[in-house]
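Accompanying notes for the structure given below.
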Amino acid sequence: MSRFFTTGSDSESESSLSGEELVTKPVGGNYGKQPLLLSEDEEDTKRVVRSAKDKRFEELTNLIRTIRNAMKIRDVTKCLEEFELLGKAYGKAKSIVDKEGVPRFYIRILADLEDYLNEMNKNNAKALSTLRQKIRKYNRDFESHITSYKQNPEQSADEDAEKNEEDSEGSSDEDEDEDGVSAATFLKKKSDAPSGDSRKFLKKMEDEDEDSEDSEDDEDWDTGSTSSDSDSEEEEGKQTALASRFLKKAPTTEEDKKAAEKKREDKAKKKHDRKSKRLDEEEEDNEGGEWERVRGGAPLVKEKPKMFAKGTEITHAVVIKKLNEILQARGKKGTDRAAQIELLQLLVQIAAENNLGEGIIVKIKFNIIASLYDYNPNLATYMKPEMWQKCLDCINELIDILFANPNIFVGENILEESENLQNVDQPLRVRGCILTLVERMDEEFTKIMQNTDPHSQEYVEHLKDEAQVCAIIGRVQRYLEEKGTTEEICRIYLRRILHTYYKFDYKAHQRQLTPPEGSSKSEQDQAENEGEDSAVLMERLCKYIYAKDRTDRIRTCTILCHIYHHALHSRWYQARDLMLMSHLQDNIQHADPPVQILYNRTMVQLGICAFRQGLTKDAHNALLDIQSSGRAKELLGQGLLLRSLQERNQEQEKVERRRQVPFHLHINLELLECVYLVSAMLLEIPYMAAHESDARRRMISKQFHHQLRVGERQPLLGPPESMREHVVAASKAMKMGDWKTCHSFIINEKMNGKVWDLFPEADKVRTMLVRKIQEESLRTYLFTYSSVYDSISMETLADMFELDLPTVHSIISKMIINEELMASLDQPTQTVVMHRTEPTAQQNLALQLAEKLGSLVENNERVFDHKQGTYGGYFRDQKDGYRKNEGYMRRGGYRQQQSQTAY
Amino acid sequence: MASRKEGAGPNAVPSSSATGAAGKGKGKGGSGDSAVKQVQIDGLVVLKIIKHYQEEGQGTEVVQGVLLGLVVEDRLEITNCFPFPQHTEDDADFDEVQYQMEMMRSLRHVNIDHLHVGWYQSTYYGSFVTRALLDSQFSYQHAIEESVVLIYDPIKTAQGSLSLKAYRLTPKLMEVCKEKDFSPEALKKANITFEHMFEEVPIVIKNSHLINVLMWELEKKSAVADKHELLSLASSNHLGKNLQLLMDRVDEMSQDIVKYNTYMRNTSKQQQQKHQYQQRRQQENMQRQSRGEPPLPEEDLSKLFKPPQPPARMDSLLIAGQINTYCQNIKEFTAQNLGKLFMAQALQEYNN
């Protein structure tokens, strides 16, 4: 029957005949291999409603089909095999046959087969003769049927079709009653078939076209079909070719049919199908296009899958049903996702053509986008560029519609049942969440960026899409600001923030640099037109989220992004305060990995910001965690470490890969390390000089010491090449108080290119750095060489380190106050007078010895405890007290160190 | 250099501290049955040892050699010596025993005492109480009962006073070494402490009369200034080194104690377990008895609970001994230096 819908150009009797076959046709064999998802779907639904009869008959038709195929390619051996199987299958179906009577199609194949065998007798002689004998023998049983069939094939087919129609409807009704399967399921089954078939036809035809032998067959078959009357109509692919022959008849039969259908209102569903199927044709009829198309030959048959039977009146219900059909195939195995997308797009076109209203279009669009996302079954793979483009366009269109039609309500919480797609009087309600789509889109974008080689032109091309993504997010944001709930607004704001926080706002920066009075009025206007500063934007978005957000995660992310943004724009104090106020440092280890990565990024950015401000200590502290692990790359989500490849399995690696930050968000690792090492140098070198003889001194930065050791191990020391070597060389110079050499190692062409030029305000940073080096070198010098001076003029020092006198004065004063330098200032002569109060080497040694003996005694007491039993409460208390005291001392010492270095 | 050595030599008296220590050692050892009461060293031997170090020893490296002589009653006379050659990794097949034999045979040919009576070793800041020394001295003393080890401290000697000491293992330690059992219990049973490991034998340096005459003559001729090393006030370096070494030993000691502590803990834990196991066994047996079943077979508890390996205590004894030596060194040194400082102060005041 559906066959009939597909072509619609056959005479009624013939088409219904073939239709009957189709309805009962099983999905096995080549049918199942079709690329179209609908075939699968059909199978599924059929499986639900199939009765025993159907099942048997399907089996038979399946076999018949194979036989016909074999006949077509003159494979008599195959024919024979299949015929034997057919005989068996018929035996199985005996009981049903007894009840229902011998099925028409069975008789038909027998008749056909006989005819066929009579016709060709030369090839495959042996199998042929066997088969011939068999079929003669077999057909004797059905003699009466066959003769009647042969006499009046059309009529019998018609009856059959009629009967089948009743049957199927009856069964569908039953289904509704029994299984609660909606009518839509049934309808879908019906309407699926045509599109699936048409597909199949196409494929077949292509095959035949390609095959040179087949073309021969075609001719052959053509003659065969004419000779064997209507029987071969179901031979797929020939249909349209044949159609021309019957076309003259077609319109009338169609008209009749339609008239008849209209009377039968209760069979409206079927009618719909046919009508929709007809629709195209009718239109084409009007234009007189049909003739031409058919004449164009079989291969030209439209590639597009047919959505509806021609002539169906496109209504909301129909379209929605169709949509549901398509959607039900979603996610099923073997579903051709590309075809599904195509179908949906066709559907949206049809809907648009028929002016079904925006509601339905929006609904379909939602689904198109969803299936675009579904296209890749694997989470790890990313969208193809064309799909991506399609997706972007689709979302854009969707947003266009939503903006154009403020009466459409979109929401996840709208149930399917309560959707209002057509009633224009009331506000349209569509289920679906634009926000989710956009979020997904953003994720896809990230995925694309992750999977593109960051050093290729391709990456740049993809990156250009970022503007589009941002624009879409911006639009959705605007839309949601009007209609969304606060929760949704928070979510979209977060998206916006995520696309904003890492970008350095050059415009705002420029504006800051050029004072307003310098720039002309017009320029200012222009600047204003270019949109608000990202800082203002961030402020606004973040504050909204802080105030309204209920989920912790969004707020956490927002805070981190906000801090990052502050830090990026050198607003150190805001960034730091926000970080401290948020108390994120305390509980970030409980967050999920992506948030932790964001946290790490933020901390790093914070450290770099502090460095730019000249706050080396803060910079060092912020970077310590990341750098000391030696896994900065991994912690920042900027790459996987090879080392741990063995430790993780495939799955973990995939997960980790998904966490990677796209390249355009990366923080330069060399810059990071350099900043860390330089700040460590500025802290550590004076500290080392001050505590040279102290055995208990602690390292401030292990990493830095490691680098120093590596430098020392070098058997031959050439001029520094890498950034690290530069820093190590500079540290050595600084140790000697030689600030000029140190300066030349830290700031030179190579280092500029590698590191310093990466800062937005490179010159400022360099100036800061020079000054820092001068100051710290002065301190180091004083620590190292104070013992050889009795007194030293501050002017000399100022000259040596090219610092102005007040600075030198303040540095020395601070050192004296912190008891780092045993000296006093002689005001009239501007000199520093050294005092010798440091313990001598022997005194130091004696102190250490005392400490060690202390621990020895403690250990010994423990042994004693063992011998004596553990009742020595007095000792224990005392010991604890001692330890506590020591701890306190240590902490005190540490604080002192801090105050020493923090100025 | 030579004059200084001779300057110390003719006095022919053992340094006061050396005798003191020896006396104390003897007193505590209380055995008195030691084979040797006194060591008499020929001037030649002293010079040869000094020369040997001067030529071959540097820094922490030590030089060793063989002492030759004879035993006269309870006095050990050392009349000659020869050094062990410094051998490097290259000539690994160098046979020391062979060399010694050869050497002794040669010396015998020139009519020199060839009885092997011990060995000598230089030391670096008095760090000689080691396992190696203990082992080799044990083997010497085991083979030749009277043998001693002479410890020569070149650094102290350079400061103006010859430092040469003769040591022997105490009979107690000999016994312990013979048993080769250094477990805590064995040492406890032997009642041995770090003070009773070595006994110092008083040394007398003896020269022939002719040499003594020569000395007197030389002394008349030489200026007083030659002896000023004795008065050197530069003490910090020496003290620092000593402290450093002392600290290292204390560290080692600490570690050793921690090890011992762990052992103790493990033992007591195991004891507890053992006890619990036994109790459980007993209870079960009682129950079985009441039910009329045969008691469970006795199992080897020592197999079930293998006692932890006790740490060898000899090392800690040695370390303690070494610490003791350092402490004495430092005490001695500081005492001398304090004297010197007071003297210097007095001089200053006098001058002012």
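The way I read the labels, and the way they are meant: chains A, B, ... in the order of the structure tokens, residue 1 as the first residue of every chain, and ligand 1 as the first ligand shown, with later ones counted on from there.
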Each residue of chain B with at least one atom at most 8 Å from chain A should appear once, together with its nearest atom pair and the corresponding distance in Å (one decimal); atoms considered: only C-alpha atoms; ordering: chain, then increasing residue number; output as a tab-separated table.
residue	atom	partner	partner_atom	distance
B:Ser236	CA	A:Gln842	CA	6.9
B:Leu239	CA	A:Gln842	CA	7.4
B:Gly240	CA	A:Gln842	CA	5.6
B:Leu243	CA	A:Leu845	CA	6.7
B:Gln244	CA	A:Leu845	CA	7.1
B:Met247	CA	A:Leu849	CA	5.7
B:Val250	CA	A:Leu853	CA	6.9
B:Asp251	CA	A:Lys852	CA	6.9
B:Met253	CA	A:Leu856	CA	7.4
B:Ser254	CA	A:Leu856	CA	5.1
B:Ile257	CA	A:Asn859	CA	6.5
B:Val258	CA	A:Asn859	CA	6.4
B:Tyr260	CA	A:Val863	CA	7.7
B:Asn261	CA	A:Val863	CA	5.6
B:Met264	CA	A:His866	CA	7.1
B:Arg265	CA	A:His866	CA	7.5
Run DSSP on the backbone and tell me which residues of region 23-130 of chain B come out as strand (DSSP E); list them as a PyMOL selection string. chain B and resi 38-42+64-72+75-83+115-122
By how many Å are CA of Phe366 (chain A) and CA of Val319 (chain A) apart?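 Computing the Euclidean distance for CA of Phe366 (chain A) and CA of Val319 (chain A) yields 14.3 Å.
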Pick the closest to Leu162 (chain B) from B:Met343, B:Cys81, B:Ile319, B:Leu47: which is it, counting only C-alpha atoms?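 Going through B:Met343, B:Cys81, B:Ile319, B:Leu47 one by one, the smallest distance to Leu162 (chain B) is for B:Leu47.
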Run DSSP on the backbone of this structure and report the residues of region 80-282 of chain B it assigns to helix (DSSP H, G or I), as a PyMOL selection string. chain B and resi 96-109+131-143+154-158+171-179+184-190+194-196+209-221+224-231+236-282
Between CA of Tyr90 (chain A) and CA of Asp115 (chain A), what is the distance in Å, rounded to a tenth? 20.3 Å
Between CA of Phe745 (chain A) and CA of Ala730 (chain A), what is the spacing in Å? 5.3 Å
